[in-house]
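J.: Sharing a structure here in structure tokens format.
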Amino acid sequence: MSKHIGILTAGGDSPGLNAAIRGIGKSALATGKMHIVGFRDGFRGLMENRTMRLDRETLSSILTRGGTILGTSRDKPHKMPVGSEVMDMTEVICDNYNRHSLDALICIGGGGTQKNAYRLAQKGLNILTLPKTIDNDVAMTDITFGFHTAMEIATEAIDRLHSTAHSHHRIIVVEVMGHNAGWLALGAGVAGGADVILIPEIPYDLHSTANAIRKRQQRGTNFSIVAIAEGALSIGDHVLLTGLKDKKDKAREKGDGKAQKKAEEGLLEFSRQRVNHTLKLTQELEVMTGLESRLTILGHCQRGGTPSAADRVLATRLGSACIDSVERGEYGVMIAVDGEGTKSVPLEEVVGKKKLVPLDHPWIRAARNVGTCMGD
Ligand code: F6P
């Protein structure tokens, strides 16, 4: 009996998605008893039944390409904008799964996608997922694909910023993506020899940060590189945010809708206020150190372009392992990275968790040992 397999890519794109699609597709076709179909633009394409043929021809020459040939979106099955409304389209998605007589649906994505895929698994669909995101924050996997490439891009940027910071005797603050996790800023910061690394897991003190730069000045080094994660928080902001989140949780526990709405508005206002937080830090450091300061925001450069060799290997072996799981009829799982191998982790153990940088992580220890200020 042949099996019909669907694939979609959801959430923010990341290098290695095409390598994963190819890994899944070619491994599936090699069994001689599987048919595959791609759905365009994440869960939206599955809802709208927009498909892409995936055969030897379409799977060829995509290994090195950035982005995803399938397209992606951040649409959620249960909260999808349709016209002027936001609707629960789960039933339509289930109908389309059945219309294609799918035996399995493979959803490639980060934390949000794992959650959305799990919801579909709870509706009875045979779901498998792969962990991708440049943020490396998916729980229960050693690493996600996309992270390695993004770290290389951010490191190269820091390398380039070093020489210009040195020439102009400036502070250059470089904002790195990563959502609320510090993996990318930490990895690129260590690899690029940043003098200060600020990550969300370690709320930073402005004075300690400025002091670290002043100490370098006293030693005759009149430039510094500050690698800051987009989600990094000053100690003050951290206290404020924790307070707001606590209020929201307590209001939800008590079932106090009014208080919950107020706390949610407070959280929204907090995010609005933080839009330029790295620019604010850059200006504060200039005032406190007397060194001219500039901000570079790396942004989506970190998500684009050719995947690194490491990400191509990772995405290919995850794709191939995923088809092994399909052959065994193993569903409701994420194919996670486990050292040089892989393991199938039940989706309920993945969702609702985030893999942040542990405070005793060897990268943090190594950064401190080579004299990097971590902002505390
Ligand atoms: O999750 C990947 C990521 O690039 C994060 O690092 C970043 O916070 C977010 O996506 C940006 O999202 P968007 O591309 O929707 O602006």
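Scheme for the structure tokens: letters A, B, ... for chains in order shown; per-chain residue numbers from 1; ligand numbers from 1 in order shown.
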Which residues are near Lys354 in chain A? Cut-off 7 Å, only C-alpha atoms, ignore same chain within fewer than 6 positions. Put them as a ChimeraX atom specification.
T.: /A:137-139
J.: List as JSON, numbers by chain the protein and nucleic acid residues near Val196 in chain A, meaning an atom at most 12 Å away when only C-alpha atoms are counted, but skip any in the same chain fewer than 2 places from it.
T.: {"A": [158, 171, 172, 173, 174, 175, 185, 186, 188, 189, 190, 192, 193, 194, 198, 199, 204, 205, 206, 208, 209, 210, 211, 212, 213, 214, 216, 223, 224, 225, 226, 227, 228, 229, 285, 364, 367, 368, 370, 371, 372, 373, 374, 375, 376]}
J.: Give the strand (DSSP E or B) residues of range 34-168 of chain A, as assigned by DSSP on the backbone, as an MDAnalysis selection string.
T.: chainID A and resid 34:39 51:53 76 79:82 85:87 104:109 127:132 145
J.: Would you mind exporting the chosen residues as an mmCIF file, in the first residue's frame, restricted to N, CA and C atoms?
T.:
```cif
data_model
loop_
_atom_site.group_PDB
_atom_site.id
_atom_site.type_symbol
_atom_site.label_atom_id
_atom_site.label_comp_id
_atom_site.auth_asym_id
_atom_site.auth_seq_id
_atom_site.Cartn_x
_atom_site.Cartn_y
_atom_site.Cartn_z
ATOM 1 N N MET A 34 5.698 5.939 -1.671
ATOM 2 C CA MET A 34 5.132 7.153 -1.057
ATOM 3 C C MET A 34 4.928 8.225 -2.118
ATOM 4 N N HIS A 35 3.834 8.969 -1.976
ATOM 5 C CA HIS A 35 3.569 10.127 -2.837
ATOM 6 C C HIS A 35 3.601 11.355 -1.948
ATOM 7 N N ILE A 36 4.178 12.439 -2.434
ATOM 8 C CA ILE A 36 4.202 13.630 -1.583
ATOM 9 C C ILE A 36 3.583 14.830 -2.292
ATOM 10 N N VAL A 37 2.976 15.680 -1.466
ATOM 11 C CA VAL A 37 2.378 16.902 -1.988
ATOM 12 C C VAL A 37 2.772 18.030 -1.028
ATOM 13 N N GLY A 38 3.108 19.184 -1.608
ATOM 14 C CA GLY A 38 3.449 20.334 -0.768
ATOM 15 C C GLY A 38 2.250 21.260 -0.656
ATOM 16 N N PHE A 39 2.070 21.884 0.502
ATOM 17 C CA PHE A 39 1.030 22.906 0.667
ATOM 18 C C PHE A 39 1.718 24.254 0.782
ATOM 19 N N THR A 51 -1.749 23.771 -3.517
ATOM 20 C CA THR A 51 -0.710 22.739 -3.432
ATOM 21 C C THR A 51 0.439 22.981 -4.416
ATOM 22 N N MET A 52 1.519 22.261 -4.203
ATOM 23 C CA MET A 52 2.646 22.292 -5.144
ATOM 24 C C MET A 52 3.089 20.846 -5.368
ATOM 25 N N ARG A 53 3.274 20.513 -6.615
ATOM 26 C CA ARG A 53 3.724 19.163 -6.954
ATOM 27 C C ARG A 53 5.163 19.004 -6.459
ATOM 28 N N LYS A 76 -2.365 30.676 11.905
ATOM 29 C CA LYS A 76 -2.683 29.550 12.796
ATOM 30 C C LYS A 76 -4.013 28.936 12.345
ATOM 31 N N LYS A 79 -7.006 30.330 14.348
ATOM 32 C CA LYS A 79 -7.200 31.790 14.427
ATOM 33 C C LYS A 79 -6.715 32.377 13.125
ATOM 34 N N MET A 80 -7.467 32.151 12.035
ATOM 35 C CA MET A 80 -6.958 32.558 10.731
ATOM 36 C C MET A 80 -7.741 33.749 10.184
ATOM 37 N N PRO A 81 -7.041 34.814 9.800
ATOM 38 C CA PRO A 81 -7.764 35.927 9.191
ATOM 39 C C PRO A 81 -8.371 35.483 7.852
ATOM 40 N N VAL A 82 -9.675 35.613 7.767
ATOM 41 C CA VAL A 82 -10.373 35.266 6.516
ATOM 42 C C VAL A 82 -11.282 36.455 6.205
ATOM 43 N N GLU A 85 -12.572 38.857 8.999
ATOM 44 C CA GLU A 85 -12.754 38.149 10.281
ATOM 45 C C GLU A 85 -11.577 37.243 10.615
ATOM 46 N N VAL A 86 -11.476 36.878 11.888
ATOM 47 C CA VAL A 86 -10.483 35.874 12.291
ATOM 48 C C VAL A 86 -11.286 34.631 12.668
ATOM 49 N N MET A 87 -11.033 33.521 11.964
ATOM 50 C CA MET A 87 -11.901 32.350 12.151
ATOM 51 C C MET A 87 -11.122 31.099 12.523
ATOM 52 N N ALA A 104 -0.108 11.100 6.338
ATOM 53 C CA ALA A 104 0.672 11.877 7.308
ATOM 54 C C ALA A 104 0.876 13.288 6.778
ATOM 55 N N LEU A 105 0.980 14.236 7.719
ATOM 56 C CA LEU A 105 1.301 15.618 7.368
ATOM 57 C C LEU A 105 2.549 16.025 8.149
ATOM 58 N N ILE A 106 3.554 16.509 7.405
ATOM 59 C CA ILE A 106 4.809 16.925 8.047
ATOM 60 C C ILE A 106 4.839 18.452 8.100
ATOM 61 N N CYS A 107 4.899 18.994 9.316
ATOM 62 C CA CYS A 107 4.901 20.449 9.503
ATOM 63 C C CYS A 107 6.293 20.865 9.960
ATOM 64 N N ILE A 108 6.920 21.738 9.170
ATOM 65 C CA ILE A 108 8.284 22.160 9.496
ATOM 66 C C ILE A 108 8.208 23.567 10.071
ATOM 67 N N GLY A 109 8.661 23.738 11.313
ATOM 68 C CA GLY A 109 8.564 25.076 11.897
ATOM 69 C C GLY A 109 9.156 25.178 13.282
ATOM 70 N N ILE A 127 0.402 13.536 12.427
ATOM 71 C CA ILE A 127 1.306 14.680 12.287
ATOM 72 C C ILE A 127 2.721 14.314 12.702
ATOM 73 N N LEU A 128 3.687 14.843 11.921
ATOM 74 C CA LEU A 128 5.101 14.801 12.340
ATOM 75 C C LEU A 128 5.638 16.218 12.157
ATOM 76 N N THR A 129 6.598 16.602 12.964
ATOM 77 C CA THR A 129 7.171 17.936 12.797
ATOM 78 C C THR A 129 8.694 17.860 12.768
ATOM 79 N N LEU A 130 9.288 18.897 12.184
ATOM 80 C CA LEU A 130 10.750 19.074 12.244
ATOM 81 C C LEU A 130 11.009 20.419 12.906
ATOM 82 N N PRO A 131 12.083 20.530 13.710
ATOM 83 C CA PRO A 131 12.357 21.798 14.390
ATOM 84 C C PRO A 131 13.261 22.722 13.583
ATOM 85 N N LYS A 132 12.713 23.812 13.100
ATOM 86 C CA LYS A 132 13.537 24.833 12.424
ATOM 87 C C LYS A 132 13.289 26.197 13.051
ATOM 88 N N PHE A 145 17.448 23.563 12.882
ATOM 89 C CA PHE A 145 18.197 23.979 11.687
ATOM 90 C C PHE A 145 17.833 25.429 11.335
#
```
J.: Have a look at A:Ala20, A:Ala30, A:Met288, A:Ile297 and name the one nearest to Gly146 in chain A; count only C-alpha atoms.
T.: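 The closest residue to Gly146 in chain A is A:Ala20.
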J.: Write as a list of chain:residue names the residues around ligand 1, taking 7 Å as the cut-off and counting only C-alpha atoms and all ligand atoms.
T.: A:Gly12, A:Thr133, A:Ile134, A:Asp135, A:Met177, A:Gly178, A:His179, A:His300, A:Arg303
J.: Save the residues we just selected, N, CA and C atoms, as a tab-separated table (two decimals), in the first residue's frame?
T.:
```
chain	number	residue	atom	x	y	z
A	12	GLY	N	8.31	31.92	10.64
A	12	GLY	CA	9.35	32.68	9.94
A	12	GLY	C	10.24	31.74	9.14
A	133	THR	N	14.30	26.94	13.26
A	133	THR	CA	14.23	28.36	13.57
A	133	THR	C	15.64	28.88	13.80
A	134	ILE	N	15.88	30.11	13.38
A	134	ILE	CA	17.20	30.69	13.64
A	134	ILE	C	17.37	30.96	15.13
A	135	ASP	N	16.25	30.96	15.89
A	135	ASP	CA	16.33	31.31	17.32
A	135	ASP	C	16.86	30.17	18.19
A	177	MET	N	18.89	38.98	16.08
A	177	MET	CA	17.56	38.38	16.30
A	177	MET	C	17.62	37.28	17.36
A	178	GLY	N	16.54	36.57	17.54
A	178	GLY	CA	16.52	35.47	18.50
A	178	GLY	C	15.26	35.42	19.34
A	179	HIS	N	14.33	36.37	19.07
A	179	HIS	CA	13.09	36.47	19.83
A	179	HIS	C	13.42	36.62	21.31
A	300	HIS	N	16.52	40.83	9.14
A	300	HIS	CA	16.20	39.64	8.35
A	300	HIS	C	17.36	39.12	7.50
A	303	ARG	N	18.14	35.68	8.26
A	303	ARG	CA	17.25	34.59	7.85
A	303	ARG	C	17.41	34.24	6.38
```
J.: I'd like the interatomic distance between CA of Glu292 in chain A and CA of Gln218 in chain A, to a tenth of an Å.
T.: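 Taking CA of Glu292 in chain A as the start and CA of Gln218 in chain A as the end point, the length is 16.1 Å.
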J.: Using only C-alpha atoms, find the one residue out of A:Lys115, A:His162, A:His169, A:Arg40 that sits nearest to Met334 in chain A.
T.: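 Closest to Met334 in chain A of all the choices is A:Lys115.
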J.: So how far away is CA of Ile21 in chain A from CA of Asp55 in chain A, in Å?
T.: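 CA of Ile21 in chain A lies at a distance of 11.0 Å from CA of Asp55 in chain A.
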J.: Do a neighbour search on range 323-333 of chain A at 6 Å with only C-alpha atoms, toss out local chain neighbours closer than 3 positions, and write the hits as a PyMOL selection string.
T.: chain A and resi 121+126-128+320+344-347
J.: Rank A:Gly319, A:Gly6, A:Leu125, A:Gly304 by their smallest atom-to-atom distance to Ala154 in chain A, using only C-alpha atoms, and report the top residue only.
T.: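 For Ala154 in chain A, the nearest of the candidates is A:Gly304.
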J.: So, with only C-alpha atoms as the atoms that count, which of A:Glu91, A:Glu348, A:Asp311, A:Glu340 lies closest to Ser14 in chain A?
T.: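 When distances to Ser14 in chain A are compared using only C-alpha atoms, the smallest one comes from A:Asp311.
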J.: What is the distance, in Å and to one decimal place, between CA of Gly255 in chain A and CA of Arg272 in chain A?
T.: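 Straight-line distance from CA of Gly255 in chain A to CA of Arg272 in chain A works out to 26.4 Å.
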J.: Which of these, A:Asn369, A:Cys301, A:Asp95, A:Val275, has the shortest distance to Val176 in chain A once you count only C-alpha atoms?
T.: A:Cys301
J.: Can you pull out every residue within 12 Å of Arg274 in chain A, counting only C-alpha atoms, but drop anything in the same chain fewer than 2 positions away, and send it as a PyMOL selection string?
T.: chain A and resi 230-234+237-238+240-241+267-272+276-281
J.: For the residues in the current selection, export N, CA, C and O atoms as a PDB file, in the first residue's frame.
T.:
```pdb
ATOM      1  N   GLU A 230      17.770  40.873  20.464  1.00  0.00           N
ATOM      2  CA  GLU A 230      16.599  41.756  20.356  1.00  0.00           C
ATOM      3  C   GLU A 230      15.707  41.656  21.595  1.00  0.00           C
ATOM      4  O   GLU A 230      15.037  42.614  21.967  1.00  0.00           O
ATOM      5  N   GLY A 231      15.750  40.520  22.272  1.00  0.00           N
ATOM      6  CA  GLY A 231      14.889  40.339  23.452  1.00  0.00           C
ATOM      7  C   GLY A 231      15.565  40.680  24.766  1.00  0.00           C
ATOM      8  O   GLY A 231      14.975  40.471  25.839  1.00  0.00           O
ATOM      9  N   ALA A 232      16.795  41.200  24.726  1.00  0.00           N
ATOM     10  CA  ALA A 232      17.511  41.508  25.980  1.00  0.00           C
ATOM     11  C   ALA A 232      16.770  42.597  26.749  1.00  0.00           C
ATOM     12  O   ALA A 232      16.166  43.493  26.163  1.00  0.00           O
ATOM     13  N   LEU A 233      16.829  42.499  28.080  1.00  0.00           N
ATOM     14  CA  LEU A 233      16.108  43.448  28.928  1.00  0.00           C
ATOM     15  C   LEU A 233      17.049  44.051  29.965  1.00  0.00           C
ATOM     16  O   LEU A 233      17.877  43.326  30.532  1.00  0.00           O
ATOM     17  N   SER A 234      16.882  45.323  30.228  1.00  0.00           N
ATOM     18  CA  SER A 234      17.606  45.911  31.364  1.00  0.00           C
ATOM     19  C   SER A 234      16.966  45.343  32.633  1.00  0.00           C
ATOM     20  O   SER A 234      15.841  44.812  32.580  1.00  0.00           O
ATOM     21  N   ASP A 237      13.538  46.896  33.156  1.00  0.00           N
ATOM     22  CA  ASP A 237      12.504  46.377  32.243  1.00  0.00           C
ATOM     23  C   ASP A 237      12.120  44.951  32.604  1.00  0.00           C
ATOM     24  O   ASP A 237      10.961  44.549  32.468  1.00  0.00           O
ATOM     25  N   HIS A 238      13.114  44.188  33.068  1.00  0.00           N
ATOM     26  CA  HIS A 238      12.843  42.804  33.446  1.00  0.00           C
ATOM     27  C   HIS A 238      11.856  42.767  34.619  1.00  0.00           C
ATOM     28  O   HIS A 238      10.887  41.992  34.610  1.00  0.00           O
ATOM     29  N   LEU A 240       9.735  45.098  35.471  1.00  0.00           N
ATOM     30  CA  LEU A 240       8.442  45.591  34.980  1.00  0.00           C
ATOM     31  C   LEU A 240       7.679  44.495  34.231  1.00  0.00           C
ATOM     32  O   LEU A 240       6.499  44.240  34.475  1.00  0.00           O
ATOM     33  N   LEU A 241       8.389  43.810  33.345  1.00  0.00           N
ATOM     34  CA  LEU A 241       7.771  42.770  32.523  1.00  0.00           C
ATOM     35  C   LEU A 241       7.291  41.599  33.384  1.00  0.00           C
ATOM     36  O   LEU A 241       6.172  41.094  33.207  1.00  0.00           O
ATOM     37  N   LEU A 267       0.980  45.004  28.902  1.00  0.00           N
ATOM     38  CA  LEU A 267       2.031  44.272  28.177  1.00  0.00           C
ATOM     39  C   LEU A 267       2.230  44.845  26.774  1.00  0.00           C
ATOM     40  O   LEU A 267       3.348  44.978  26.297  1.00  0.00           O
ATOM     41  N   LEU A 268       1.100  45.197  26.146  1.00  0.00           N
ATOM     42  CA  LEU A 268       1.174  45.790  24.794  1.00  0.00           C
ATOM     43  C   LEU A 268       1.911  47.123  24.830  1.00  0.00           C
ATOM     44  O   LEU A 268       2.777  47.407  23.997  1.00  0.00           O
ATOM     45  N   GLU A 269       1.571  47.927  25.829  1.00  0.00           N
ATOM     46  CA  GLU A 269       2.202  49.237  25.982  1.00  0.00           C
ATOM     47  C   GLU A 269       3.708  49.059  26.240  1.00  0.00           C
ATOM     48  O   GLU A 269       4.540  49.789  25.700  1.00  0.00           O
ATOM     49  N   PHE A 270       4.036  48.042  27.039  1.00  0.00           N
ATOM     50  CA  PHE A 270       5.441  47.750  27.339  1.00  0.00           C
ATOM     51  C   PHE A 270       6.195  47.448  26.035  1.00  0.00           C
ATOM     52  O   PHE A 270       7.281  47.969  25.793  1.00  0.00           O
ATOM     53  N   SER A 271       5.596  46.625  25.160  1.00  0.00           N
ATOM     54  CA  SER A 271       6.241  46.290  23.874  1.00  0.00           C
ATOM     55  C   SER A 271       6.391  47.535  23.009  1.00  0.00           C
ATOM     56  O   SER A 271       7.419  47.723  22.360  1.00  0.00           O
ATOM     57  N   ARG A 272       5.345  48.378  23.011  1.00  0.00           N
ATOM     58  CA  ARG A 272       5.417  49.615  22.200  1.00  0.00           C
ATOM     59  C   ARG A 272       6.578  50.481  22.659  1.00  0.00           C
ATOM     60  O   ARG A 272       7.329  51.019  21.868  1.00  0.00           O
ATOM     61  N   ASN A 276      12.404  50.872  20.278  1.00  0.00           N
ATOM     62  CA  ASN A 276      13.757  51.357  19.970  1.00  0.00           C
ATOM     63  C   ASN A 276      14.728  51.111  21.122  1.00  0.00           C
ATOM     64  O   ASN A 276      15.633  51.918  21.338  1.00  0.00           O
ATOM     65  N   HIS A 277      14.556  50.002  21.836  1.00  0.00           N
ATOM     66  CA  HIS A 277      15.345  49.861  23.064  1.00  0.00           C
ATOM     67  C   HIS A 277      16.844  49.747  22.813  1.00  0.00           C
ATOM     68  O   HIS A 277      17.655  50.213  23.618  1.00  0.00           O
ATOM     69  N   THR A 278      17.229  49.189  21.654  1.00  0.00           N
ATOM     70  CA  THR A 278      18.678  49.071  21.411  1.00  0.00           C
ATOM     71  C   THR A 278      19.271  50.423  20.990  1.00  0.00           C
ATOM     72  O   THR A 278      20.426  50.715  21.271  1.00  0.00           O
ATOM     73  N   LEU A 279      18.435  51.254  20.354  1.00  0.00           N
ATOM     74  CA  LEU A 279      18.898  52.603  19.994  1.00  0.00           C
ATOM     75  C   LEU A 279      19.084  53.423  21.275  1.00  0.00           C
ATOM     76  O   LEU A 279      20.070  54.148  21.442  1.00  0.00           O
ATOM     77  N   LYS A 280      18.122  53.244  22.184  1.00  0.00           N
ATOM     78  CA  LYS A 280      18.193  53.969  23.470  1.00  0.00           C
ATOM     79  C   LYS A 280      19.476  53.566  24.202  1.00  0.00           C
ATOM     80  O   LYS A 280      20.214  54.414  24.699  1.00  0.00           O
ATOM     81  N   LEU A 281      19.756  52.279  24.219  1.00  0.00           N
ATOM     82  CA  LEU A 281      20.975  51.801  24.896  1.00  0.00           C
ATOM     83  C   LEU A 281      22.221  52.418  24.244  1.00  0.00           C
ATOM     84  O   LEU A 281      23.145  52.872  24.932  1.00  0.00           O
TER      85      LEU A 281
END
```
J.: Restricting the calculation to only C-alpha atoms: of A:Gly111, A:Gly299, A:Gly182, A:Gly243, which residue gets closest to Ile202 in chain A?
T.: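 So, comparing all the options, the nearest one is A:Gly182.
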J.: Neighbours of Ser61 in chain A within 12 Å (only C-alpha atoms; same-chain residues fewer than 4 positions away dropped), as an MDAnalysis selection string?
T.: chainID A and resid 18:19 21:22 56:57 65:66 69
J.: Would you return as a count of residues only the members of range 122-160 of chain A that DSSP assigns to helix (DSSP H, G or I) on this structure's backbone?
T.: 15
J.: Neighbours of Glu48 in chain A within 9 Å (only C-alpha atoms; same-chain residues fewer than 2 positions away dropped), as a ChimeraX atom specification?
T.: /A:43-46,50-51,92-93,96
